[in-house]
Amino acid sequence: MKLPLGRLNLPSLERNSRSSAFNLCASTGDKGYCGGIVEVEGEAAMDNERLDLPQGTLDLLILKILALEPQHGWAISERIQQISSDVLQIQQGSLYPALHRMERRGLIKAEWATSENNRQAKYYQLTRQGRKQLETATTAWQKLAGAVGQVLDAV
């Protein structure tokens, strides 16, 4: 169930009936966010449960990493894991489809180059459109997180 707070709807946590995963869903105005598989450390990992990132969150994380510098796929995943202190572990089955989708949408572009291991790797970098999307998505995420935080902090 989603509860409105201004134009922002609070997220709902629903158990996926086909697995022990949860779907975290939220929406801002006419945009809904659900999905994106990521391994999460902590309580969920102790119970052998996966939490799904809200839709668009994986894209936001990728855009943020690429805003720092161009990276190849594996390095993007490693950097997210490192910055999140090993809490977020992006699976290849989620990462590469997201990269391809973002490339098709013009948010990132890719070119082949030699990696630090002296192998050919596809390096991704932000486009102008990707930088705009990063700004928009960051603002929406911060608004959502703030609203959820207010509700969780309420007595």
# chains A, B, ... in the order shown; residues from 1 in each chain; ligands from 1
call {"tool": "residues_around", "arguments": {"residues": "stretch 122-125 of chain A", "least_positions_apart": "5", "cutoff": "8 Å", "atoms": "only C-alpha atoms", "output": "PDB file with C-alpha atoms, in the first residue's frame"}}
result
ATOM      1  CA  LEU A  66      30.510   7.231 -13.899  1.00  0.00           C
ATOM      2  CA  ALA A  67      30.303  10.914 -12.945  1.00  0.00           C
ATOM      3  CA  GLU A  69      35.377   8.848 -14.102  1.00  0.00           C
ATOM      4  CA  PRO A  70      34.794   6.395 -16.975  1.00  0.00           C
ATOM      5  CA  GLN A  71      34.804   2.774 -15.799  1.00  0.00           C
ATOM      6  CA  HIS A  72      34.310  -0.719 -17.172  1.00  0.00           C
ATOM      7  CA  GLY A  73      31.433  -2.828 -15.857  1.00  0.00           C
ATOM      8  CA  ILE A 108      26.019   6.692 -21.171  1.00  0.00           C
ATOM      9  CA  LYS A 109      28.297   5.843 -24.062  1.00  0.00           C
ATOM     10  CA  ALA A 110      30.837   3.050 -24.329  1.00  0.00           C
ATOM     11  CA  GLU A 111      34.090   2.400 -26.089  1.00  0.00           C
ATOM     12  CA  TRP A 112      36.579  -0.438 -26.005  1.00  0.00           C
ATOM     13  CA  ALA A 113      39.931   0.189 -24.306  1.00  0.00           C
TER      14      ALA A 113
END
call {"tool": "atom_distance", "arguments": {"atom1": "atom CA of A:Gly93", "atom2": "atom CA of A:Arg79"}}
result
16.9 Å
